[in-house]
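S.K.: Handing you a structure now.
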Amino acid sequence: MVNLVTDIGNTRSKAGLFQDGKLAEQWSWANEKFSFGLLKKMATNHRAQNIILSTVRQLPEDPDWESMQDEFFCLLLSETTALPFQNRYRTPQTLGKDRLAAVAGAQALFPGQNCLVVDAGTCITYDVLTAAGDYTGGNIAPGLRMRLQAMHTFTAKLPLVEPGETENRIGYDTRSALVNGVQEGILFELEGYAAYCRQQYGAVQTLLTGGDADFLSKKLKSEIFVDQNLVLRGLDQILSYNVHFQN
């Protein structure tokens, strides 16, 4: 089975070609360079059989998207899409599609295990999937740069600083105090959520993805699984599930 998965975010789009569940190729481009004509060409050139599209934007009417549905099995991820796990979120219509996909990716990598899925992007999301296959929900917090920006924006004198290394974990000047306050705070936050999940569910596999995943993972003391392609893997998992579901 050859699947083409596409994730359209706020500023950038990513795509991945999966062959029998394995990521064979991937692409990334600015949203203004994306078109359904490009997606159709990619699907044709790589002999994709199935396509899934996840987008944070309203999907415009496009003849290329319409025609693709006659040539391929096409799926637009929504709150009504069949999932390989039980979605217990009380307002599924407001749940970010990237969160759903990341949870599906965690399930694909660690089937039958409790998972805490952390996506460290503009915001940081913490999502829980139980070993029984129940997505119980999660929390949303400001991301690393958003926290630094907020302290600068909502105070009179605190400067805007960039994340990075400091000499020790306790601040020794204004920059290190700001950087440590944010970075150490996120690490304590993440460790706290992991400890809470272990208390509630027992053994838990923690997965980290998103733009700041690599940076944060190097500072964590506990064992954590980092996968920058977790959302793409999850989209492939959801697409394959629906292909089998339809058949």
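Just so we're on the same page: first chain in the structure tokens is A, next is B, and so on; residues restart at 1 for each chain, and ligands are numbered from 1 in the order they show up.
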With DSSP run on the backbone, what are the strand (DSSP E or B) residues within range 59-240 of chain A? I'd like them as a CSV table (one decimal) with all heavy atoms, in the first residue's frame.
M.R.:
```
chain,number,residue,atom,x,y,z
A,73,PHE,N,-8.1,7.0,-3.6
A,73,PHE,CA,-8.9,7.0,-2.4
A,73,PHE,C,-8.4,8.2,-1.6
A,73,PHE,O,-7.3,8.3,-1.1
A,73,PHE,CB,-8.7,5.7,-1.6
A,73,PHE,CG,-9.5,5.8,-0.2
A,73,PHE,CD1,-10.8,5.4,-0.2
A,73,PHE,CD2,-8.8,6.2,0.9
A,73,PHE,CE1,-11.5,5.4,1.0
A,73,PHE,CE2,-9.5,6.2,2.1
A,73,PHE,CZ,-10.9,5.8,2.2
A,74,CYS,N,-9.3,9.3,-1.4
A,74,CYS,CA,-8.9,10.5,-0.8
A,74,CYS,C,-9.7,10.7,0.5
A,74,CYS,O,-10.9,10.4,0.6
A,74,CYS,CB,-9.2,11.7,-1.7
A,74,CYS,SG,-8.1,11.7,-3.2
A,75,LEU,N,-9.0,11.2,1.5
A,75,LEU,CA,-9.6,11.4,2.8
A,75,LEU,C,-9.2,12.7,3.4
A,75,LEU,O,-8.0,13.1,3.4
A,75,LEU,CB,-9.1,10.3,3.8
A,75,LEU,CG,-9.7,10.3,5.2
A,75,LEU,CD1,-11.2,10.0,5.1
A,75,LEU,CD2,-9.0,9.2,6.0
A,76,LEU,N,-10.2,13.5,3.8
A,76,LEU,CA,-9.9,14.8,4.4
A,76,LEU,C,-10.2,14.6,5.9
A,76,LEU,O,-11.3,14.2,6.3
A,76,LEU,CB,-10.9,15.9,3.9
A,76,LEU,CG,-10.8,17.3,4.6
A,76,LEU,CD1,-9.4,17.9,4.4
A,76,LEU,CD2,-11.9,18.2,4.1
A,86,GLN,N,-10.3,5.2,20.3
A,86,GLN,CA,-11.5,5.8,20.8
A,86,GLN,C,-11.2,7.3,21.2
A,86,GLN,O,-10.4,7.5,22.1
A,86,GLN,CB,-12.1,5.0,21.9
A,86,GLN,CG,-12.7,3.7,21.6
A,86,GLN,CD,-13.8,3.8,20.6
A,86,GLN,OE1,-14.7,4.6,20.7
A,86,GLN,NE2,-13.9,2.9,19.6
A,87,ASN,N,-11.9,8.2,20.6
A,87,ASN,CA,-11.7,9.6,20.9
A,87,ASN,C,-12.7,10.0,22.0
A,87,ASN,O,-13.9,10.1,21.7
A,87,ASN,CB,-11.9,10.5,19.6
A,87,ASN,CG,-11.6,11.9,19.9
A,87,ASN,OD1,-11.2,12.3,21.0
A,87,ASN,ND2,-11.7,12.7,18.8
A,115,CYS,N,0.6,6.1,26.4
A,115,CYS,CA,1.5,7.1,25.8
A,115,CYS,C,1.2,8.5,26.2
A,115,CYS,O,0.0,8.9,26.3
A,115,CYS,CB,1.4,7.0,24.2
A,115,CYS,SG,2.1,5.5,23.5
A,116,LEU,N,2.2,9.3,26.5
A,116,LEU,CA,2.0,10.7,26.7
A,116,LEU,C,2.7,11.4,25.4
A,116,LEU,O,3.9,11.2,25.2
A,116,LEU,CB,2.7,11.2,27.9
A,116,LEU,CG,2.8,12.7,28.1
A,116,LEU,CD1,1.4,13.4,28.2
A,116,LEU,CD2,3.7,13.1,29.4
A,117,VAL,N,1.9,12.1,24.6
A,117,VAL,CA,2.4,12.7,23.4
A,117,VAL,C,2.6,14.2,23.6
A,117,VAL,O,1.6,14.9,23.9
A,117,VAL,CB,1.4,12.4,22.2
A,117,VAL,CG1,2.0,12.9,20.9
A,117,VAL,CG2,1.1,10.9,22.1
A,118,VAL,N,3.8,14.6,23.4
A,118,VAL,CA,4.1,16.1,23.6
A,118,VAL,C,4.5,16.7,22.3
A,118,VAL,O,5.5,16.2,21.7
A,118,VAL,CB,5.2,16.2,24.7
A,118,VAL,CG1,5.5,17.7,25.0
A,118,VAL,CG2,4.9,15.5,26.0
A,119,ASP,N,3.8,17.7,21.9
A,119,ASP,CA,4.1,18.4,20.6
A,119,ASP,C,4.6,19.8,21.0
A,119,ASP,O,3.8,20.6,21.4
A,119,ASP,CB,2.9,18.5,19.7
A,119,ASP,CG,3.3,18.9,18.3
A,119,ASP,OD1,4.3,19.6,18.2
A,119,ASP,OD2,2.5,18.6,17.4
A,120,ALA,N,5.9,20.0,20.9
A,120,ALA,CA,6.5,21.3,21.3
A,120,ALA,C,6.7,22.2,20.1
A,120,ALA,O,7.7,22.3,19.5
A,120,ALA,CB,7.9,21.0,22.0
A,123,CYS,N,2.6,26.4,20.4
A,123,CYS,CA,2.1,26.0,21.7
A,123,CYS,C,2.6,24.6,22.0
A,123,CYS,O,3.1,23.9,21.1
A,123,CYS,CB,0.5,25.9,21.7
A,123,CYS,SG,-0.2,27.6,21.7
A,124,ILE,N,2.6,24.2,23.3
A,124,ILE,CA,2.9,22.8,23.6
A,124,ILE,C,1.7,22.1,24.0
A,124,ILE,O,0.9,22.5,24.9
A,124,ILE,CB,3.9,22.8,24.8
A,124,ILE,CG1,5.2,23.6,24.5
A,124,ILE,CG2,4.3,21.4,25.2
A,124,ILE,CD1,6.1,23.7,25.6
A,125,THR,N,1.4,20.9,23.4
A,125,THR,CA,0.3,20.1,23.7
A,125,THR,C,0.7,18.8,24.3
A,125,THR,O,1.8,18.3,24.0
A,125,THR,CB,-0.5,19.8,22.4
A,125,THR,OG1,0.3,19.1,21.4
A,125,THR,CG2,-1.1,21.0,21.8
A,126,TYR,N,-0.1,18.4,25.3
A,126,TYR,CA,0.2,17.2,26.1
A,126,TYR,C,-1.1,16.3,25.9
A,126,TYR,O,-2.2,16.7,26.4
A,126,TYR,CB,0.4,17.5,27.5
A,126,TYR,CG,1.6,18.4,27.8
A,126,TYR,CD1,1.4,19.7,27.9
A,126,TYR,CD2,2.9,17.9,28.1
A,126,TYR,CE1,2.5,20.6,28.1
A,126,TYR,CE2,3.9,18.7,28.4
A,126,TYR,CZ,3.7,20.1,28.4
A,126,TYR,OH,4.8,20.9,28.6
A,127,ASP,N,-0.9,15.2,25.2
A,127,ASP,CA,-2.1,14.3,25.0
A,127,ASP,C,-1.8,12.9,25.5
A,127,ASP,O,-0.7,12.4,25.4
A,127,ASP,CB,-2.4,14.3,23.5
A,127,ASP,CG,-2.9,15.6,23.0
A,127,ASP,OD1,-4.0,16.0,23.4
A,127,ASP,OD2,-2.2,16.3,22.2
A,128,VAL,N,-2.9,12.2,26.0
A,128,VAL,CA,-2.8,10.9,26.6
A,128,VAL,C,-3.6,9.9,25.9
A,128,VAL,O,-4.8,10.1,25.6
A,128,VAL,CB,-3.3,11.0,28.1
A,128,VAL,CG1,-3.2,9.6,28.7
A,128,VAL,CG2,-2.4,12.0,28.9
A,129,LEU,N,-2.9,8.8,25.5
A,129,LEU,CA,-3.5,7.6,24.9
A,129,LEU,C,-3.3,6.4,25.8
A,129,LEU,O,-2.1,6.2,26.2
A,129,LEU,CB,-2.9,7.3,23.5
A,129,LEU,CG,-3.5,6.1,22.8
A,129,LEU,CD1,-4.9,6.3,22.4
A,129,LEU,CD2,-2.6,5.7,21.6
A,134,ASP,N,-7.8,4.3,24.3
A,134,ASP,CA,-8.6,5.4,24.6
A,134,ASP,C,-7.8,6.7,24.6
A,134,ASP,O,-6.9,6.9,25.4
A,134,ASP,CB,-9.4,5.3,26.0
A,134,ASP,CG,-10.4,4.3,25.9
A,134,ASP,OD1,-11.1,4.1,24.9
A,134,ASP,OD2,-10.6,3.6,27.0
A,135,TYR,N,-8.2,7.7,23.7
A,135,TYR,CA,-7.6,9.0,23.8
A,135,TYR,C,-8.4,9.8,24.8
A,135,TYR,O,-9.6,10.1,24.5
A,135,TYR,CB,-7.6,9.7,22.4
A,135,TYR,CG,-7.3,11.1,22.5
A,135,TYR,CD1,-6.1,11.6,23.0
A,135,TYR,CD2,-8.2,12.1,22.1
A,135,TYR,CE1,-5.8,12.9,23.1
A,135,TYR,CE2,-7.9,13.4,22.1
A,135,TYR,CZ,-6.7,13.9,22.6
A,135,TYR,OH,-6.4,15.2,22.7
A,136,THR,N,-7.9,10.1,26.0
A,136,THR,CA,-8.6,10.7,27.0
A,136,THR,C,-8.6,12.2,27.0
A,136,THR,O,-9.4,12.9,27.7
A,136,THR,CB,-8.1,10.3,28.4
A,136,THR,OG1,-6.7,10.7,28.5
A,136,THR,CG2,-8.1,8.8,28.6
A,137,GLY,N,-7.8,12.8,26.1
A,137,GLY,CA,-7.7,14.3,26.0
A,137,GLY,C,-6.3,14.7,26.3
A,137,GLY,O,-5.3,14.0,26.4
A,138,GLY,N,-6.2,16.0,26.6
A,138,GLY,CA,-4.8,16.6,26.9
A,138,GLY,C,-4.9,18.0,27.3
A,138,GLY,O,-6.0,18.6,27.4
A,139,ASN,N,-3.8,18.7,27.4
A,139,ASN,CA,-3.7,20.1,27.8
A,139,ASN,C,-2.9,20.9,26.8
A,139,ASN,O,-2.1,20.3,26.0
A,139,ASN,CB,-3.0,20.2,29.2
A,139,ASN,CG,-3.9,19.6,30.3
A,139,ASN,OD1,-5.1,19.5,30.1
A,139,ASN,ND2,-3.3,19.2,31.4
A,140,ILE,N,-3.1,22.2,26.8
A,140,ILE,CA,-2.4,23.1,25.9
A,140,ILE,C,-1.7,24.2,26.7
A,140,ILE,O,-2.4,24.8,27.6
A,140,ILE,CB,-3.4,23.7,24.9
A,140,ILE,CG1,-4.2,22.6,24.1
A,140,ILE,CG2,-2.6,24.6,23.9
A,140,ILE,CD1,-5.3,23.2,23.2
A,141,ALA,N,-0.5,24.4,26.4
A,141,ALA,CA,0.3,25.5,27.1
A,141,ALA,C,1.1,26.3,26.1
A,141,ALA,O,1.3,25.9,25.0
A,141,ALA,CB,1.2,24.8,28.1
A,142,PRO,N,1.5,27.5,26.5
A,142,PRO,CA,2.3,28.3,25.6
A,142,PRO,C,3.6,27.6,25.3
A,142,PRO,O,4.2,27.0,26.2
A,142,PRO,CB,2.5,29.6,26.4
A,142,PRO,CG,1.5,29.7,27.4
A,142,PRO,CD,1.2,28.2,27.8
A,205,GLN,N,4.9,5.5,28.0
A,205,GLN,CA,5.9,5.9,27.0
A,205,GLN,C,5.7,7.4,26.6
A,205,GLN,O,4.6,7.8,26.2
A,205,GLN,CB,5.8,5.0,25.7
A,205,GLN,CG,6.8,5.4,24.6
A,205,GLN,CD,8.2,5.2,25.0
A,205,GLN,OE1,8.6,4.1,25.4
A,205,GLN,NE2,9.0,6.2,24.9
A,206,THR,N,6.7,8.2,26.8
A,206,THR,CA,6.6,9.6,26.5
A,206,THR,C,7.2,9.9,25.1
A,206,THR,O,8.4,9.5,24.9
A,206,THR,CB,7.3,10.5,27.6
A,206,THR,OG1,6.7,10.2,28.8
A,206,THR,CG2,7.1,12.0,27.2
A,207,LEU,N,6.5,10.5,24.2
A,207,LEU,CA,7.0,10.9,22.9
A,207,LEU,C,7.0,12.4,22.7
A,207,LEU,O,6.1,13.1,23.2
A,207,LEU,CB,6.1,10.2,21.8
A,207,LEU,CG,6.0,8.7,21.8
A,207,LEU,CD1,4.8,8.2,22.6
A,207,LEU,CD2,5.8,8.2,20.4
A,208,LEU,N,8.0,12.9,22.1
A,208,LEU,CA,8.2,14.3,21.9
A,208,LEU,C,8.4,14.6,20.4
A,208,LEU,O,9.1,13.9,19.7
A,208,LEU,CB,9.4,14.8,22.7
A,208,LEU,CG,9.7,16.3,22.7
A,208,LEU,CD1,8.6,17.0,23.3
A,208,LEU,CD2,11.0,16.5,23.5
A,209,THR,N,7.6,15.6,19.9
A,209,THR,CA,7.7,16.0,18.5
A,209,THR,C,7.6,17.5,18.5
A,209,THR,O,7.4,18.2,19.5
A,209,THR,CB,6.6,15.3,17.6
A,209,THR,OG1,6.9,15.5,16.3
A,209,THR,CG2,5.2,15.8,18.0
A,225,PHE,N,11.2,9.4,23.7
A,225,PHE,CA,11.3,9.0,22.3
A,225,PHE,C,11.0,10.3,21.5
A,225,PHE,O,9.9,10.9,21.6
A,225,PHE,CB,10.3,7.9,22.0
A,225,PHE,CG,10.4,7.4,20.6
A,225,PHE,CD1,11.3,6.4,20.3
A,225,PHE,CD2,9.6,7.9,19.6
A,225,PHE,CE1,11.5,5.9,19.0
A,225,PHE,CE2,9.8,7.4,18.3
A,225,PHE,CZ,10.7,6.4,18.0
A,226,VAL,N,11.9,10.7,20.7
A,226,VAL,CA,11.7,11.9,19.8
A,226,VAL,C,11.5,11.4,18.4
A,226,VAL,O,12.2,10.6,17.8
A,226,VAL,CB,13.0,12.8,19.9
A,226,VAL,CG1,12.8,14.0,19.0
A,226,VAL,CG2,13.3,13.2,21.3
```
S.K.: Which distance in Å separates CA of Ser217 in chain A and CA of Asn168 in chain A, to one decimal?
M.R.: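 Answer for the CA of Ser217 in chain A to CA of Asn168 in chain A separation: 17.3 Å.
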S.K.: Could you name the residues that touch Trp27 in chain A at 10 Å or less, counting only C-alpha atoms, but leaving out those on the same chain fewer than 6 positions away, as an MDAnalysis selection string?
M.R.: chainID A and resid 6 13:17
S.K.: What would the file look like if the residues just selected were written as a short mmCIF file (atom, residue, chain, number, x, y, z; two decimals), in the first residue's frame with C-alpha atoms?
M.R.:
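Resulting contents of out.cif:
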```cif
data_model
loop_
_atom_site.label_atom_id
_atom_site.label_comp_id
_atom_site.auth_asym_id
_atom_site.auth_seq_id
_atom_site.Cartn_x
_atom_site.Cartn_y
_atom_site.Cartn_z
CA THR A 6 -0.16 15.91 3.69
CA SER A 13 3.03 22.23 4.69
CA LYS A 14 4.59 18.80 5.01
CA ALA A 15 4.04 15.66 2.99
CA GLY A 16 5.23 12.11 3.32
CA LEU A 17 5.14 9.05 1.07
#
```
S.K.: Report, in Å to a single decimal, how far apart CA of Asp236 in chain A and CA of Leu23 in chain A are.
M.R.: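 CA of Asp236 in chain A lies at a distance of 9.1 Å from CA of Leu23 in chain A.
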